[in-house]
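Scroll down for the structure; my scribbles are underneath it.
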Amino acid sequence: MTLEQLVEAGAISPLDRHFAEAVCRLAAEDDPLVLLGAAVASRAPANGHICVELEHLGGTAIHDGEGQPLDATWPDPADWIAAMQASRLTEGPLVLQDGDLYLQRYHAYQDGLTVHLRARAATERPPADPDALAALLTQLFPNEESAEQRKAAELAVTRGFSVISGGPGTGKTTTVVKILAALQQQALSAGSSLRILLVAPTGKAAARLSQSIEEQVEQLPEELQQHIVGDAMTIHRALVWRPDRPTQFRHAAHNPLSADVVVVDEASMVDLPLMAKLVDAVRPDARLILLGDRDQLASVEAGAVLGDICNAGEDTSASSAAIRDCVVQLTHSWRFRGDSGIGALARGINAGDAAAALAALDEHPDLLRIDAPEGTRPETLLGTRLLDGYRPVVEARTPRAALTALTDFRVLCAHRRGRFGVDAINGLVRDQLASAGLVPLRGLWYAGRPAIITRNDYALDLFNGDIGVTLEDEDGKLRVHFEGRGGTLRSFHPARLPPCDTVFAMTVHKSQGSEFRRVLMLLPDRTSPILTRELLYTGVTRARESVVLTSSELVLTACIDARIQRASGLRSALWD
């Protein structure tokens, strides 16, 4: 297929075609295999990949923009690799390494991150007073149920780099607060105090981290509480984003962060370029601690960095790589009891066991599966569930009550478009509320409309993922209310807000890091490339008490069998 045909099919974008044609023209390169290689290398990051694995891609079916196979295949891998090896383009702007084709800057991100992490993984920090540390850890982790957490703490306080991975409710934040307490005690004993930096990929995640840290600090010994900072910020804000150079930050290796300890929450959401820039800005003598769930969805952008660092899905017990001793997986859930249906469902999904997942849906009262045969419509399947779920939000009379009701119930969708997508479901919810006389049928802004911010606004201190609810004030004017730091309420006129969307329903990607009392998760009535084990696990584990899932047995099984496959050389560079 020609580049133009690939653009028409949605396999590459017009920008990818223009990039390939431009670099080949500048290099006087006329080999069509090289032209195609440049186009797919340009496309890879948009599809979440760090590189293109030519050996695996070559000879396979070409897929269109919807993930459906076309009646054409990619070139023979041996011929394709040979053509790229002979091309001057692989001296820049492309890099060919072990049959993997990169854009040069993504190879630089991967290489830089690998060098930093391998160096940190090999760095041990023995405590000045092991006995005092052991006594404090015994005080902080007094029982057998917290043995996993104590192991994580011992790791983090004796190494320059550590990763604490675990599902929802496994105590990652609790553990890191106690780690910070142990580190501060060591520093105070030596006559100093550590500078701690808490960061997360989104403003919403940073706010949740701040709140969790503040709640957990109260459980520490009184003499340590004042030394644990709970004010988290976004990674972009910590690195100081430069509007004049959007791809660069003020803090980097030449101007590192001043922090002695850097904690990164929701690390699974951090893409390769941002993680590379963050790690580059952390002083070599500072500690770096990553928190996250290796089994969750990877970042929307390129890379599955946390999964690569943890070697997710692989048995690491026999590995001799230094990174192995830096990773701890928490498995004991403090949120889900042993008889919890959500816990059983999550375990079945993670194990790739569709039979166990279906059994959990059938057997546990906190779970319900609504069969969705192909061709059915959401309004037919759901009945009044949407109206019942959101009635408390639009009937609330105070901002606090409305925001509380909004965390009680949430609809999660796999797709943005289509009959089971976010756009359609948001419209369906409004139609049902309007039919009940609870909201107007027309108009963008109305009392009861929940809104999610889609672009950071540092001036207003509103960030991508922040959720507010619209109410009328005493004068009958609309205000959009958000919960700020420390539980305070902030309100804005709708016209002042940065870009935002209605959020009765949201994508599973957008829900990462959030939790709701009840979740209604809509899988479409047919399989699609976006339906994966990681997406299903992430959506299900947003719920604390109950999950309703719409899916046929066929779609659910296919979803559990499918895993996110992102081309990357980071995993092998760290673990081989």
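Each chain in the structure tokens gets a letter, A, B and so on, in the order shown; residues start at 1 in every chain, and ligands are counted from 1 in the order they appear.
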Restrict the calculation to only C-alpha atoms, then for each residue of segment 298-374 of chain A with any atom at most 9 Å from an atom of segment 554-558 of chain A give the closest atom pair and their distance in Å to one decimal, rows by chain and rising residue number, as CSV.
```
residue,atom,partner,partner_atom,distance
A:Gly352,CA,A:Thr557,CA,9.0
A:Asp353,CA,A:Thr557,CA,8.6
A:Ala354,CA,A:Thr557,CA,5.4
A:Ala355,CA,A:Thr557,CA,8.2
A:Ala357,CA,A:Thr557,CA,8.9
A:Leu358,CA,A:Leu556,CA,8.4
A:Ala372,CA,A:Val555,CA,8.9
```
Counting only C-alpha atoms, what is within 8 Å of segment 187-193 of chain A, bar same-chain residues fewer than 3 positions away, as a ChimeraX atom specification?
/A:183-184,227
Select, from A:Ala573, A:Ala78, A:Ala405, A:Val23, the residue with the minimum atom-to-atom distance to Asn311 of chain A, counting only C-alpha atoms.
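Among the listed residues, the smallest separation from Asn311 of chain A belongs to A:Ala573.
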Quick one: contact table of segment 193-229 of chain A to segment 478-490 of chain A, 12 Å max, nearest atom pair and distance in Å to one decimal per residue, counting only C-alpha atoms, chain and number order, as JSON lines?
```
{"residue": "A:Gly203", "atom": "CA", "partner": "A:Gly484", "partner_atom": "CA", "distance": 10.7}
{"residue": "A:Lys204", "atom": "CA", "partner": "A:Gly484", "partner_atom": "CA", "distance": 9.8}
{"residue": "A:Ala205", "atom": "CA", "partner": "A:Arg485", "partner_atom": "CA", "distance": 11.9}
{"residue": "A:Ala206", "atom": "CA", "partner": "A:Arg485", "partner_atom": "CA", "distance": 10.0}
{"residue": "A:Ala207", "atom": "CA", "partner": "A:Arg485", "partner_atom": "CA", "distance": 6.6}
{"residue": "A:Arg208", "atom": "CA", "partner": "A:Arg485", "partner_atom": "CA", "distance": 9.0}
{"residue": "A:Leu209", "atom": "CA", "partner": "A:Arg485", "partner_atom": "CA", "distance": 10.5}
{"residue": "A:Ser210", "atom": "CA", "partner": "A:Arg485", "partner_atom": "CA", "distance": 7.9}
{"residue": "A:Gln211", "atom": "CA", "partner": "A:Gly486", "partner_atom": "CA", "distance": 6.9}
{"residue": "A:Ser212", "atom": "CA", "partner": "A:Gly486", "partner_atom": "CA", "distance": 10.5}
{"residue": "A:Ile213", "atom": "CA", "partner": "A:Gly486", "partner_atom": "CA", "distance": 11.3}
{"residue": "A:Glu214", "atom": "CA", "partner": "A:Gly486", "partner_atom": "CA", "distance": 8.8}
{"residue": "A:Glu215", "atom": "CA", "partner": "A:Gly486", "partner_atom": "CA", "distance": 10.3}
```
Give me, as a PyMOL selection string, all polymer residues having an atom no more than 7 Å from Ala321 of chain A, counting only C-alpha atoms and skipping those fewer than 2 positions away in the same chain.
chain A and resi 319+323-324+575-576
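The coordinates place atom CA of Ile50 of chain A at 26.3 Å from atom CA of Gly160 of chain A.
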DSSP strand (DSSP E) residues within segment 398-486 of chain A, listed as a compact mmCIF listing (two decimals) with N, CA and C atoms, in the first residue's frame:
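Heads up, here's the output in result_29.txt:
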```
# COMPACT_ATOMS: atom_id res chain seq x y z
N PHE A 409 -21.60 7.56 42.61
CA PHE A 409 -21.97 6.73 41.45
C PHE A 409 -21.28 7.30 40.22
N ARG A 410 -20.73 6.42 39.38
CA ARG A 410 -20.11 6.89 38.15
C ARG A 410 -20.25 5.84 37.06
N VAL A 411 -20.53 6.32 35.85
CA VAL A 411 -20.57 5.46 34.67
C VAL A 411 -19.21 5.52 33.99
N LEU A 412 -18.63 4.37 33.72
CA LEU A 412 -17.34 4.28 33.04
C LEU A 412 -17.52 3.58 31.70
N CYS A 413 -16.91 4.14 30.67
CA CYS A 413 -17.01 3.60 29.32
C CYS A 413 -15.62 3.27 28.78
N PRO A 450 -22.39 18.07 35.83
CA PRO A 450 -21.03 17.83 36.31
C PRO A 450 -20.05 18.08 35.17
N ALA A 451 -18.92 18.67 35.48
CA ALA A 451 -17.95 19.03 34.44
C ALA A 451 -16.56 18.57 34.84
N ILE A 452 -15.81 18.08 33.85
CA ILE A 452 -14.43 17.66 34.08
C ILE A 452 -13.50 18.55 33.28
N ILE A 453 -12.50 19.10 33.93
CA ILE A 453 -11.52 19.97 33.27
C ILE A 453 -10.66 19.12 32.34
N ILE A 467 -12.92 17.64 38.74
CA ILE A 467 -14.36 17.51 38.49
C ILE A 467 -15.14 18.44 39.41
N GLY A 468 -16.06 19.19 38.81
CA GLY A 468 -16.93 20.08 39.57
C GLY A 468 -18.38 19.87 39.20
N VAL A 469 -19.26 20.53 39.94
CA VAL A 469 -20.69 20.40 39.67
C VAL A 469 -21.31 21.79 39.64
N THR A 470 -22.28 21.98 38.76
CA THR A 470 -22.90 23.28 38.52
C THR A 470 -24.17 23.42 39.34
N LEU A 471 -24.29 24.57 40.04
CA LEU A 471 -25.50 24.87 40.81
C LEU A 471 -25.85 26.34 40.63
N GLU A 472 -27.09 26.67 40.92
CA GLU A 472 -27.50 28.08 40.93
C GLU A 472 -27.20 28.68 42.29
N LEU A 478 -25.45 30.72 37.60
CA LEU A 478 -24.78 29.43 37.66
C LEU A 478 -23.33 29.59 38.12
N ARG A 479 -22.92 28.69 39.01
CA ARG A 479 -21.54 28.62 39.46
C ARG A 479 -21.12 27.15 39.42
N VAL A 480 -19.86 26.92 39.08
CA VAL A 480 -19.33 25.55 39.05
C VAL A 480 -18.43 25.39 40.25
N HIS A 481 -18.73 24.40 41.08
CA HIS A 481 -18.05 24.22 42.37
C HIS A 481 -17.09 23.05 42.33
N PHE A 482 -15.87 23.27 42.86
CA PHE A 482 -14.84 22.25 42.94
C PHE A 482 -14.38 22.13 44.38
N GLU A 483 -13.95 20.93 44.74
CA GLU A 483 -13.36 20.75 46.07
C GLU A 483 -11.87 21.04 45.97
```
Write out as a PyMOL selection string the residues lying within 6 Å of Leu54 of chain A, counting only C-alpha atoms and excluding same-chain residues fewer than 3 positions away.
chain A and resi 57-58+77+99-100
Please provide the set of residues having any atom within 9 Å of segment 342-344 of chain A, restricted to only C-alpha atoms, with same-chain residues fewer than 4 positions apart removed, written as a ChimeraX atom specification.
/A:333,335-338,348-349,356-357,360-361,364,366-367,540-541,543-547
Can you write out as a tab-separated table which residues of segment 462-525 of chain A fall within 10 Å of segment 376-385 of chain A, alongside each residue's closest atom pair and its distance in Å to one decimal, counting only C-alpha atoms and ordering rows by chain and ascending residue number?
```
residue	atom	partner	partner_atom	distance
A:Leu520	CA	A:Arg385	CA	8.8
A:Leu522	CA	A:Pro378	CA	8.5
A:Pro524	CA	A:Pro378	CA	9.1
A:Asp525	CA	A:Thr376	CA	7.1
```
Write out, as a CSV table (one decimal), in the first residue's frame, the residues just selected, with all heavy atoms.
```csv
chain,number,residue,atom,x,y,z
A,520,LEU,N,-20.9,1.7,37.3
A,520,LEU,CA,-21.6,1.1,36.2
A,520,LEU,C,-20.6,1.1,35.1
A,520,LEU,O,-20.4,2.2,34.5
A,520,LEU,CB,-22.9,1.8,35.9
A,520,LEU,CG,-23.6,1.4,34.7
A,520,LEU,CD1,-24.0,-0.1,34.7
A,520,LEU,CD2,-24.9,2.2,34.5
A,522,LEU,N,-19.7,0.1,31.3
A,522,LEU,CA,-20.3,-0.3,30.0
A,522,LEU,C,-19.2,-0.8,29.0
A,522,LEU,O,-18.4,0.0,28.6
A,522,LEU,CB,-21.0,0.9,29.4
A,522,LEU,CG,-22.1,1.6,30.2
A,522,LEU,CD1,-22.8,2.7,29.4
A,522,LEU,CD2,-23.2,0.6,30.7
A,524,PRO,N,-18.8,-2.3,25.2
A,524,PRO,CA,-19.6,-2.3,24.0
A,524,PRO,C,-20.1,-3.7,23.7
A,524,PRO,O,-19.7,-4.7,24.3
A,524,PRO,CB,-18.6,-1.8,22.9
A,524,PRO,CG,-17.3,-2.1,23.5
A,524,PRO,CD,-17.4,-2.0,25.0
A,525,ASP,N,-21.0,-3.8,22.7
A,525,ASP,CA,-21.7,-5.1,22.4
A,525,ASP,C,-20.9,-5.9,21.4
A,525,ASP,O,-21.3,-7.0,21.0
A,525,ASP,CB,-23.1,-4.8,21.8
A,525,ASP,CG,-23.0,-3.9,20.6
A,525,ASP,OD1,-22.0,-3.3,20.3
A,525,ASP,OD2,-24.0,-3.9,19.8
```
